[in-house]
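Undergrad: This one is my_file-v1.txt, compact mmCIF, C-alpha atoms and all ligand atoms.
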# COMPACT_ATOMS: atom_id res chain seq x y z
CA MET A 4 -77.13 -35.75 -91.41
CA ILE A 5 -80.14 -37.76 -90.22
CA ILE A 6 -79.17 -40.26 -87.52
CA VAL A 7 -80.04 -43.83 -88.54
CA LYS A 8 -78.15 -45.90 -85.96
CA VAL A 9 -76.68 -45.53 -82.46
CA ASP A 10 -74.41 -48.30 -81.16
CA THR A 11 -72.33 -48.72 -78.04
CA LEU A 12 -69.03 -50.61 -78.18
CA LEU A 13 -67.99 -52.02 -74.80
CA PHE A 14 -64.62 -53.75 -74.92
CA ARG A 15 -61.28 -54.16 -73.23
CA THR A 16 -57.93 -53.24 -74.76
CA CYS A 17 -55.54 -53.02 -71.79
CA ARG A 18 -58.53 -51.59 -69.86
CA ASN A 19 -62.28 -51.25 -70.42
CA TYR A 20 -63.66 -48.65 -72.82
CA LEU A 21 -67.19 -47.70 -73.83
CA ILE A 22 -67.49 -45.95 -77.18
CA VAL A 23 -70.65 -44.45 -78.70
CA ARG A 24 -70.94 -44.88 -82.47
CA ILE A 25 -73.50 -42.77 -84.35
CA GLU A 26 -74.22 -43.37 -88.03
CA THR A 27 -76.08 -41.00 -90.36
CA ALA A 28 -78.12 -41.63 -93.51
CA ASP A 29 -75.29 -40.20 -95.63
CA GLY A 30 -72.96 -42.93 -94.35
CA LEU A 31 -70.94 -40.79 -91.92
CA VAL A 32 -69.86 -42.30 -88.59
CA GLY A 33 -69.05 -40.30 -85.44
CA TYR A 34 -67.48 -41.65 -82.25
CA GLY A 35 -67.63 -40.44 -78.65
CA ASP A 36 -66.16 -41.64 -75.37
CA ALA A 37 -68.58 -42.84 -72.65
CA THR A 38 -66.09 -44.66 -70.45
CA LEU A 39 -66.82 -44.37 -66.71
CA ASN A 40 -64.32 -46.29 -64.63
CA GLY A 41 -65.97 -49.34 -63.06
CA ARG A 42 -69.45 -48.40 -64.35
CA GLU A 43 -69.17 -48.86 -68.13
CA SER A 44 -71.93 -51.45 -68.44
CA VAL A 45 -74.44 -49.20 -66.63
CA VAL A 46 -73.72 -46.28 -68.97
CA LYS A 47 -74.13 -48.66 -71.92
CA GLU A 48 -77.53 -49.77 -70.67
CA LEU A 49 -78.72 -46.18 -70.32
CA ILE A 50 -77.75 -45.39 -73.90
CA ASP A 51 -79.03 -48.65 -75.40
CA ALA A 52 -82.30 -48.83 -73.48
CA HIS A 53 -83.30 -45.17 -73.30
CA LEU A 54 -81.26 -42.60 -75.19
CA SER A 55 -80.55 -44.18 -78.59
CA GLU A 56 -84.24 -44.23 -79.59
CA MET A 57 -84.43 -40.49 -78.89
CA LEU A 58 -81.68 -39.89 -81.44
CA VAL A 59 -82.73 -41.96 -84.44
CA GLY A 60 -84.40 -39.69 -87.02
CA LYS A 61 -82.91 -36.47 -85.59
CA ASP A 62 -80.53 -34.21 -87.56
CA ALA A 63 -77.08 -34.79 -86.03
CA ALA A 64 -76.13 -31.22 -86.93
CA ASN A 65 -78.37 -29.79 -84.19
CA ILE A 66 -76.03 -30.62 -81.33
CA THR A 67 -77.32 -28.05 -78.84
CA ASP A 68 -80.93 -29.10 -79.34
CA ILE A 69 -80.08 -32.80 -78.90
CA TRP A 70 -78.01 -31.99 -75.81
CA GLN A 71 -80.86 -29.95 -74.28
CA MET A 72 -83.36 -32.67 -75.19
CA ILE A 73 -81.44 -35.26 -73.20
CA TYR A 74 -80.27 -33.00 -70.35
CA ILE A 75 -83.37 -30.87 -69.74
CA GLY A 76 -85.98 -32.91 -71.54
CA THR A 77 -85.55 -36.23 -69.73
CA TYR A 78 -85.87 -34.59 -66.25
CA TRP A 79 -83.40 -36.98 -64.50
CA ARG A 80 -80.36 -34.87 -65.10
CA GLY A 81 -76.88 -34.89 -63.59
CA GLY A 82 -74.84 -37.63 -61.95
CA PRO A 83 -71.84 -39.47 -63.40
CA VAL A 84 -73.77 -42.19 -65.27
CA THR A 85 -76.21 -39.86 -67.07
CA MET A 86 -73.60 -37.22 -67.84
CA THR A 87 -71.12 -39.79 -69.17
CA ALA A 88 -73.79 -41.26 -71.46
CA LEU A 89 -74.62 -37.76 -72.68
CA ALA A 90 -70.92 -36.98 -73.13
CA GLY A 91 -70.44 -40.00 -75.40
CA ILE A 92 -73.36 -38.89 -77.57
CA ASP A 93 -72.27 -35.24 -77.63
CA MET A 94 -68.71 -36.09 -78.66
CA ALA A 95 -69.97 -38.36 -81.45
CA LEU A 96 -72.17 -35.50 -82.75
CA TRP A 97 -69.25 -33.06 -82.81
CA ASP A 98 -67.16 -35.73 -84.53
CA LEU A 99 -69.87 -36.06 -87.19
CA LYS A 100 -70.12 -32.29 -87.66
CA GLY A 101 -66.37 -32.10 -88.18
CA LYS A 102 -66.40 -34.97 -90.65
CA LEU A 103 -69.29 -33.41 -92.59
CA SER A 104 -67.58 -30.02 -92.83
CA GLY A 105 -64.07 -31.38 -93.29
CA LEU A 106 -62.86 -29.35 -90.29
CA PRO A 107 -61.09 -30.42 -87.09
CA LEU A 108 -63.05 -29.74 -83.89
CA CYS A 109 -60.77 -26.85 -82.89
CA ASP A 110 -61.74 -25.04 -86.11
CA LEU A 111 -65.45 -25.56 -85.49
CA ILE A 112 -65.18 -23.92 -82.07
CA GLY A 113 -63.28 -20.80 -83.01
CA GLY A 114 -59.94 -21.91 -84.42
CA ARG A 115 -56.54 -22.17 -82.83
CA SER A 116 -55.44 -19.77 -80.10
CA ARG A 117 -52.10 -21.54 -79.68
CA LYS A 118 -49.74 -23.76 -81.67
CA LYS A 119 -49.10 -26.28 -78.90
CA MET A 120 -50.47 -27.19 -75.48
CA GLU A 121 -48.33 -27.71 -72.38
CA VAL A 122 -48.95 -31.02 -70.63
CA TYR A 123 -47.99 -32.65 -67.35
CA CYS A 124 -47.38 -36.29 -66.59
CA HIS A 125 -47.79 -38.46 -63.51
CA VAL A 126 -44.66 -39.45 -61.62
CA HIS A 127 -44.66 -41.76 -58.63
CA GLY A 128 -42.04 -42.99 -56.20
CA THR A 129 -42.29 -45.56 -53.47
CA THR A 130 -39.46 -43.70 -51.74
CA LEU A 131 -38.21 -40.11 -51.99
CA GLU A 132 -35.03 -41.29 -53.75
CA GLN A 133 -37.03 -43.19 -56.32
CA LEU A 134 -39.39 -40.26 -56.82
CA ILE A 135 -36.47 -37.91 -57.48
CA GLU A 136 -34.98 -40.38 -59.94
CA ASN A 137 -38.34 -40.78 -61.71
CA ILE A 138 -38.82 -37.00 -61.92
CA SER A 139 -35.37 -36.72 -63.52
CA GLY A 140 -36.53 -39.33 -66.05
CA LYS A 141 -39.59 -37.22 -66.91
CA LEU A 142 -37.48 -34.07 -67.26
CA ALA A 143 -35.27 -35.94 -69.71
CA LEU A 144 -38.41 -36.59 -71.78
CA GLY A 145 -39.05 -32.84 -71.93
CA PHE A 146 -41.78 -32.41 -69.30
CA ARG A 147 -41.60 -29.10 -67.42
CA ILE A 148 -44.52 -29.87 -65.12
CA VAL A 149 -45.07 -33.08 -63.15
CA ARG A 150 -47.85 -34.40 -60.93
CA TYR A 151 -45.97 -36.20 -58.19
CA SER A 152 -47.24 -38.87 -55.82
CA PHE A 153 -45.56 -41.13 -53.32
CA ASP A 154 -46.08 -43.97 -50.90
CA THR A 155 -45.85 -43.30 -47.19
CA SER A 156 -44.35 -46.12 -45.17
CA ASP A 157 -44.84 -46.68 -41.46
CA SER A 158 -41.93 -48.84 -40.37
CA GLU A 159 -43.43 -49.43 -36.92
CA SER A 160 -46.60 -51.08 -38.20
CA ASN A 161 -45.17 -52.20 -41.54
CA LEU A 162 -48.03 -50.43 -43.31
CA VAL A 163 -47.75 -48.59 -46.63
CA PHE A 164 -50.20 -45.84 -47.56
CA ARG A 165 -50.44 -45.54 -51.33
CA GLN A 166 -51.66 -42.65 -53.41
CA PRO A 167 -53.45 -43.15 -56.72
CA HIS A 168 -51.29 -42.73 -59.79
CA GLN A 169 -51.46 -43.93 -63.31
CA ASP A 170 -48.22 -44.35 -65.08
CA VAL A 171 -49.58 -46.80 -67.63
CA SER A 172 -46.28 -48.63 -67.90
CA LYS A 173 -46.81 -49.70 -64.28
CA GLY A 174 -50.46 -50.75 -64.56
CA HIS A 175 -53.75 -49.08 -63.76
CA ILE A 176 -55.27 -48.06 -60.47
CA GLU A 177 -58.38 -50.17 -60.89
CA ILE A 178 -58.44 -53.83 -59.95
CA ASP A 179 -60.38 -56.88 -61.05
CA SER A 180 -62.04 -58.11 -57.86
CA ILE A 181 -64.19 -56.25 -55.36
CA ASN A 182 -62.90 -58.60 -52.66
CA THR A 183 -59.28 -57.55 -52.97
CA CYS A 184 -59.74 -53.84 -53.33
CA SER A 185 -59.31 -52.52 -49.80
CA GLU A 186 -56.32 -50.30 -49.00
CA VAL A 187 -55.21 -48.72 -45.75
CA TRP A 188 -54.73 -45.00 -45.22
CA ASP A 189 -53.33 -42.61 -42.60
CA SER A 190 -53.87 -38.93 -43.40
CA ARG A 191 -51.65 -37.65 -40.59
CA MET A 192 -48.58 -39.51 -41.81
CA TYR A 193 -49.37 -38.64 -45.42
CA ALA A 194 -49.72 -34.91 -44.68
CA ALA A 195 -46.38 -34.87 -42.89
CA ASP A 196 -44.76 -36.66 -45.82
CA LEU A 197 -46.37 -34.34 -48.34
CA ILE A 198 -44.60 -31.37 -46.77
CA ARG A 199 -41.27 -33.20 -46.38
CA ILE A 200 -41.29 -34.61 -49.90
CA THR A 201 -42.43 -31.41 -51.62
CA ARG A 202 -39.64 -29.49 -49.88
CA ALA A 203 -37.08 -32.11 -50.94
CA ILE A 204 -38.26 -31.99 -54.58
CA ARG A 205 -37.98 -28.19 -54.60
CA GLU A 206 -34.49 -28.34 -53.11
CA GLU A 207 -33.42 -30.92 -55.66
CA PHE A 208 -34.87 -29.35 -58.81
CA GLY A 209 -34.96 -25.62 -58.02
CA PRO A 210 -37.75 -23.06 -58.40
CA HIS A 211 -38.71 -23.57 -62.06
CA LEU A 212 -40.11 -27.11 -62.10
CA GLY A 213 -43.92 -27.00 -62.29
CA LEU A 214 -45.33 -29.06 -59.44
CA ILE A 215 -48.83 -30.46 -59.05
CA HIS A 216 -50.01 -32.74 -56.30
CA ASP A 217 -53.38 -34.56 -56.21
CA VAL A 218 -54.71 -35.02 -52.66
CA HIS A 219 -57.68 -36.93 -54.11
CA SER A 220 -60.05 -35.52 -51.45
CA ARG A 221 -58.21 -37.33 -48.67
CA LEU A 222 -57.91 -34.42 -46.20
CA THR A 223 -60.52 -32.73 -44.07
CA VAL A 224 -60.85 -28.96 -44.36
CA ALA A 225 -58.94 -28.50 -41.09
CA GLN A 226 -56.14 -30.84 -42.18
CA ALA A 227 -55.96 -29.18 -45.58
CA ARG A 228 -55.74 -25.68 -44.09
CA GLN A 229 -52.88 -26.74 -41.85
CA THR A 230 -51.04 -28.62 -44.59
CA LEU A 231 -51.46 -26.11 -47.40
CA LYS A 232 -50.24 -23.30 -45.14
CA GLN A 233 -46.92 -25.13 -44.90
CA LEU A 234 -46.77 -25.72 -48.66
CA GLU A 235 -47.32 -22.04 -49.47
CA SER A 236 -43.66 -21.09 -49.87
CA LEU A 237 -42.93 -24.09 -52.12
CA GLY A 238 -44.58 -22.63 -55.21
CA LEU A 239 -46.93 -25.39 -56.36
CA LEU A 240 -48.62 -24.77 -59.71
CA PHE A 241 -51.73 -26.16 -58.02
CA ILE A 242 -52.95 -28.60 -55.44
CA GLU A 243 -55.68 -30.88 -56.74
CA ASP A 244 -58.83 -31.89 -54.82
CA PRO A 245 -57.37 -30.93 -51.42
CA ILE A 246 -60.72 -31.75 -49.77
CA ASP A 247 -64.01 -33.35 -50.75
CA SER A 248 -64.78 -31.41 -53.91
CA LYS A 249 -68.49 -31.16 -53.13
CA ASN A 250 -67.71 -29.25 -49.91
CA LEU A 251 -67.99 -25.81 -51.45
CA LYS A 252 -67.98 -23.89 -48.17
CA GLY A 253 -64.81 -25.76 -47.19
CA LEU A 254 -63.20 -24.77 -50.47
CA SER A 255 -64.13 -21.19 -49.82
CA LEU A 256 -62.47 -21.29 -46.38
CA LEU A 257 -59.40 -22.96 -47.80
CA SER A 258 -58.95 -20.51 -50.63
CA GLN A 259 -59.27 -17.59 -48.22
CA CYS A 260 -56.67 -18.86 -45.79
CA CYS A 261 -54.01 -20.30 -48.15
CA THR A 262 -52.29 -19.01 -51.25
CA VAL A 263 -51.69 -22.41 -52.89
CA PRO A 264 -53.79 -22.39 -56.12
CA ILE A 265 -56.52 -25.03 -56.08
CA GLY A 266 -57.39 -27.28 -59.05
CA ILE A 267 -60.68 -29.13 -58.87
CA GLY A 268 -63.34 -30.63 -61.09
CA GLU A 269 -63.00 -34.33 -62.02
CA LEU A 270 -65.99 -35.23 -59.81
CA PHE A 271 -68.27 -32.48 -61.10
CA ASN A 272 -70.91 -33.55 -63.60
CA THR A 273 -72.72 -30.26 -64.24
CA ILE A 274 -72.02 -26.54 -64.16
CA ASP A 275 -74.41 -26.23 -61.16
CA GLU A 276 -71.77 -27.98 -59.06
CA CYS A 277 -68.96 -25.54 -59.85
CA ARG A 278 -70.62 -22.28 -60.88
CA ASP A 279 -70.15 -20.64 -57.48
CA ILE A 280 -66.52 -21.61 -56.88
CA ILE A 281 -65.69 -20.22 -60.31
CA ALA A 282 -67.67 -17.03 -59.81
CA HIS A 283 -66.10 -16.49 -56.37
CA GLN A 284 -62.65 -17.14 -57.88
CA GLU A 285 -61.85 -19.74 -55.25
CA ILE A 286 -59.99 -21.98 -57.68
CA GLY A 287 -57.08 -21.42 -60.01
CA PHE A 288 -57.82 -24.30 -62.37
CA LEU A 289 -61.08 -25.92 -63.46
CA ARG A 290 -60.45 -29.64 -63.98
CA ILE A 291 -63.72 -31.02 -65.30
CA ASP A 292 -63.67 -34.30 -67.19
CA ILE A 293 -65.19 -33.90 -70.66
CA SER A 294 -66.41 -37.52 -70.57
CA HIS A 295 -68.21 -37.13 -67.24
CA PHE A 296 -69.48 -33.58 -67.64
CA GLY A 297 -71.81 -34.15 -70.59
CA GLY A 298 -69.27 -33.68 -73.38
CA ILE A 299 -67.84 -30.91 -75.50
CA THR A 300 -70.96 -28.69 -75.49
CA PRO A 301 -71.08 -28.06 -71.70
CA ALA A 302 -67.27 -28.11 -71.39
CA LEU A 303 -67.10 -25.14 -73.77
CA ARG A 304 -69.73 -23.31 -71.77
CA ALA A 305 -67.94 -24.02 -68.47
CA ALA A 306 -64.64 -22.88 -69.97
CA ALA A 307 -66.30 -19.61 -71.03
CA VAL A 308 -67.70 -19.07 -67.52
CA ALA A 309 -64.22 -19.76 -66.10
CA GLU A 310 -62.68 -17.28 -68.53
CA ALA A 311 -65.05 -14.57 -67.35
CA PHE A 312 -63.72 -15.00 -63.80
CA GLY A 313 -60.03 -15.40 -64.58
CA VAL A 314 -59.94 -19.15 -63.93
CA LYS A 315 -57.77 -21.37 -66.16
CA VAL A 316 -58.84 -24.71 -67.59
CA ALA A 317 -56.87 -27.91 -66.90
CA PHE A 318 -59.11 -30.74 -68.09
CA HIS A 319 -58.93 -34.09 -66.32
CA GLY A 320 -56.96 -36.42 -68.60
CA PRO A 321 -56.54 -39.80 -66.91
CA SER A 322 -55.89 -43.19 -68.49
CA ASP A 323 -59.42 -44.30 -67.65
CA ILE A 324 -60.97 -42.23 -70.43
CA SER A 325 -60.10 -43.11 -74.01
CA PRO A 326 -57.81 -41.34 -76.49
CA LEU A 327 -61.01 -40.03 -78.12
CA ALA A 328 -61.73 -37.95 -75.02
CA HIS A 329 -58.09 -36.87 -74.82
CA ALA A 330 -58.31 -35.69 -78.46
CA ALA A 331 -61.45 -33.70 -77.60
CA CYS A 332 -59.56 -32.05 -74.70
CA TYR A 333 -56.65 -31.08 -76.94
CA HIS A 334 -58.98 -29.51 -79.52
CA ILE A 335 -60.66 -27.39 -76.84
CA ASP A 336 -57.28 -26.61 -75.24
CA ALA A 337 -56.03 -25.41 -78.62
CA SER A 338 -58.98 -23.09 -79.05
CA ILE A 339 -60.01 -21.51 -75.74
CA PRO A 340 -58.24 -18.36 -74.49
CA ASN A 341 -57.99 -19.56 -70.87
CA PHE A 342 -56.19 -22.87 -71.34
CA GLY A 343 -53.88 -23.57 -68.40
CA VAL A 344 -52.27 -26.99 -68.67
CA GLN A 345 -53.42 -30.49 -69.68
CA GLU A 346 -53.00 -33.79 -67.82
CA TYR A 347 -51.32 -36.23 -70.21
CA VAL A 348 -51.02 -40.00 -70.35
CA ASN A 349 -49.10 -42.04 -72.85
CA PHE A 350 -51.39 -44.88 -73.93
CA GLU A 351 -50.11 -48.40 -74.57
CA PRO A 352 -49.34 -49.34 -78.21
CA GLU A 353 -52.29 -51.82 -78.25
CA VAL A 354 -54.67 -48.98 -77.32
CA LEU A 355 -53.19 -46.74 -80.01
CA ASN A 356 -53.71 -49.46 -82.61
CA VAL A 357 -57.45 -49.29 -81.93
CA PHE A 358 -57.55 -45.49 -81.52
CA GLN A 359 -55.26 -43.90 -84.11
CA ILE A 360 -54.67 -40.45 -82.67
CA PRO A 361 -54.31 -37.04 -84.36
CA TYR A 362 -52.06 -35.63 -81.66
CA ALA A 363 -48.39 -36.01 -80.85
CA TYR A 364 -46.25 -35.33 -77.79
CA GLN A 365 -42.93 -33.55 -78.05
CA ASP A 366 -40.78 -31.84 -75.40
CA GLY A 367 -43.56 -31.17 -72.90
CA TYR A 368 -46.14 -30.06 -75.46
CA ILE A 369 -48.91 -31.60 -77.56
CA THR A 370 -49.74 -30.60 -81.11
CA ILE A 371 -52.90 -31.70 -82.88
CA ASP A 372 -53.32 -32.06 -86.65
CA ASN A 373 -56.17 -31.06 -89.00
CA THR A 374 -57.93 -34.41 -89.34
CA PRO A 375 -61.69 -33.60 -89.42
CA GLY A 376 -63.84 -34.02 -86.31
CA LEU A 377 -62.08 -35.33 -83.21
CA GLY A 378 -59.51 -36.72 -85.63
CA VAL A 379 -59.32 -40.21 -84.13
CA THR A 380 -59.57 -43.12 -86.55
CA ILE A 381 -61.03 -46.18 -84.85
CA ASP A 382 -60.07 -49.58 -86.20
CA GLU A 383 -63.25 -51.50 -85.41
CA SER A 384 -61.74 -54.72 -86.75
CA LEU A 385 -59.49 -54.76 -83.65
CA ILE A 386 -62.42 -54.36 -81.24
CA ASP A 387 -63.86 -57.54 -79.80
CA THR A 388 -67.03 -56.38 -78.06
CA ASP A 389 -68.34 -59.80 -77.12
CA SER A 390 -65.78 -61.30 -74.85
CA THR A 391 -63.23 -58.80 -73.72
CA TYR A 392 -65.01 -56.67 -71.11
CA ILE A 393 -64.06 -57.59 -67.54
CA LYS A 394 -65.76 -55.78 -64.68
CA SER A 395 -63.22 -53.79 -62.69
CA TYR A 396 -63.26 -51.79 -59.46
CA LEU A 397 -61.62 -48.82 -57.83
CA PRO A 398 -59.90 -49.51 -54.52
CA ILE A 399 -61.79 -48.74 -51.31
CA LEU A 400 -59.74 -46.89 -48.74
CA ARG A 401 -59.96 -47.67 -45.02
CA ASP A 402 -58.23 -45.94 -42.14
CA ARG A 403 -56.23 -47.67 -39.41
CA MET A 404 -59.46 -48.32 -37.51
CA ASP A 405 -60.88 -50.01 -40.60
CA ALA A 406 -63.44 -47.29 -41.29
CA VAL A 407 -64.07 -46.31 -44.90
CA HIS A 408 -62.14 -43.19 -45.90
CA ASN A 409 -62.49 -40.71 -48.76
CA TRP A 410 -60.70 -42.15 -51.79
C1 LIG B 1 -56.92 -38.79 -60.84
C2 LIG B 1 -57.63 -39.87 -61.60
O1 LIG B 1 -55.93 -38.11 -62.87
C3 LIG B 1 -56.36 -37.73 -61.79
O2 LIG B 1 -56.36 -36.58 -61.43
O3 LIG B 1 -57.61 -38.21 -59.83
O4 LIG B 1 -56.68 -40.78 -61.96
C4 LIG B 1 -58.75 -40.61 -60.88
O5 LIG B 1 -58.26 -41.30 -59.77
C5 LIG B 1 -59.36 -41.61 -61.82
O6 LIG B 1 -59.82 -40.95 -62.97
C6 LIG B 1 -60.48 -42.40 -61.18
O7 LIG B 1 -61.04 -43.28 -62.11
MG MG B 2 -57.38 -36.18 -59.71
Would you write the structure of this file as structure tokens?
TA:
Amino acid sequence: MIIVKVDTLLFRTCRNYLIVRIETADGLVGYGDATLNGRESVVKELIDAHLSEMLVGKDAANITDIWQMIYIGTYWRGGPVTMTALAGIDMALWDLKGKLSGLPLCDLIGGRSRKKMEVYCHVHGTTLEQLIENISGKLALGFRIVRYSFDTSDSESNLVFRQPHQDVSKGHIEIDSINTCSEVWDSRMYAADLIRITRAIREEFGPHLGLIHDVHSRLTVAQARQTLKQLESLGLLFIEDPIDSKNLKGLSLLSQCCTVPIGIGELFNTIDECRDIIAHQEIGFLRIDISHFGGITPALRAAAVAEAFGVKVAFHGPSDISPLAHAACYHIDASIPNFGVQEYVNFEPEVLNVFQIPYAYQDGYITIDNTPGLGVTIDESLIDTDSTYIKSYLPILRDRMDAVHNW
């Protein structure tokens, strides 16, 4: 399986995607996801200008050696750009190994530990009434766990404080111009609403609905301690990113004072950043993003570390990584003993024409078939790499005094 060609496909189908395509001398092609929201062209440049020449001539079967060569060997390790580039390459190598052996990824990494994987969806409401109605809609589709978000309105100042959410039917969180991307935020009003709304959801739907809320690092440690204390009796499955996820001491304080399980990880790029919080059992769920954490190889290692300390895995699964990465998550979810739950998005039909997926949703669970490798068939004839990419941006949050706030 000697690598003869490494290409990057940067294109837009509903949103931007960056796909790594690795070809071997025996004519096999493997694909990996290297999409990094708002930074795709930088990741592409890193692969095209520096990493691809390190791969040509190597045996694609030696995934660990290639991973170490790029991670350790190039010295400049870590960070979202480098680790997303490496993730795209790593996924493509695993895809190739699966295609060569005729086995799906989950069989290469130990086989299936479960028949189906429980998933949760995003549900948003601009008002409490709308949120309750939308949750009912998700329950009717079979979901037993929802990640709820809401807008907080201040009638006095006519301001609305929005939380990020990504129901693809309602559009994406990212926007097309850096000049229009500022949003206003008030943590005090939000925290009060979080308690009020969570209580109302519990009262409406009873004790069995699985509830997840993503704070998206918008609270300080002090605010989070106060808020989570009041959420304790409401039985959340987990609270995501309650504070800045790089504030490890803060996480330690929070986990010691509150019983709400913490889920964290989408901003981590290497195991160094989360080793201690796992080992100290400060989190309930590890939520690393396979596409931004260097790929399948380090995700498996991190999952094994988590297992040793009784931490479950709940991989980040947003709409801003491609169905290829989602397929990789489902394969790992199927295999590892400490799978917790998986974030799920339903991609638009146009996206699923390009990425033909090996997995299917039914009644709150995902099943994945035995197609070799990651199992995603990519229809390259539908990809227009020349003209479709449009630079996009994440919103920048500002508080009422117009100072930049954690997003
Ligand atoms: C979110 C993400 O899914 C999540 O948990 O935090 O949607 C996040 O905002 C995006 O991936 C940012 O690109
Ligand atoms: Mg999140």
Undergrad: What are the closest atom pairs, with distances in Å to one decimal, for all residues of chain A lying within 8 Å of ligand LIG 1 (chain B)? Consider all atoms listed in the file, order rows by chain and residue number, and present the result as CSV.
TA:
residue,atom,partner,partner_atom,distance
A:Leu39,CA,B:LIG1,O7,7.5
A:Asn40,CA,B:LIG1,O7,5.1
A:Gly41,CA,B:LIG1,O7,7.9
A:Pro167,CA,B:LIG1,O5,6.0
A:His168,CA,B:LIG1,O4,6.1
A:Gln169,CA,B:LIG1,O4,6.2
A:Ile176,CA,B:LIG1,O5,7.4
A:Glu177,CA,B:LIG1,O7,7.5
A:Asp217,CA,B:LIG1,O2,6.3
A:His219,CA,B:LIG1,O3,5.9
A:Glu243,CA,B:LIG1,O2,7.4
A:Glu269,CA,B:LIG1,O3,7.0
A:His319,CA,B:LIG1,O2,6.1
A:Gly320,CA,B:LIG1,O1,6.1
A:Pro321,CA,B:LIG1,O1,4.4
A:Ser322,CA,B:LIG1,O4,7.0
A:Asp323,CA,B:LIG1,O6,5.8
A:Ile324,CA,B:LIG1,O6,7.7
A:Glu346,CA,B:LIG1,O1,7.2
A:Leu397,CA,B:LIG1,O7,7.0
Undergrad: Just the number, please: distance in Å from CA of Ser325 in chain A to CA of Val59 in chain A, one decimal.
TA: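 Separation of CA of Ser325 in chain A and CA of Val59 in chain A: 24.9 Å.
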Undergrad: One decimal, in Å: what's the spacing between CA of Val224 in chain A and CA of Ser190 in chain A?
TA: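 Spanning CA of Val224 in chain A to CA of Ser190 in chain A is a straight-line distance of 12.2 Å.
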Undergrad: Quick one: distance from CA of Val218 in chain A to CA of Thr85 in chain A in Å, one decimal?
TA: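 Taking CA of Val218 in chain A and CA of Thr85 in chain A, their separation equals 26.3 Å.
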Undergrad: Using all atoms listed in the file, which of A:Ile291, A:Met192, A:Val357, A:Leu131 sits nearest Asp387 in chain A?
TA: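 Among the listed residues, the smallest separation from Asp387 in chain A belongs to A:Val357.
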Undergrad: Given the choices A:Pro245, A:Gly91, A:Gly76, A:Gly114, which gets closest to ligand MG 2 (chain B) if the distance is worked out from only C-alpha atoms and all ligand atoms?
TA: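 Once distances to ligand MG 2 (chain B) are computed over only C-alpha atoms and all ligand atoms, the minimum belongs to A:Pro245.
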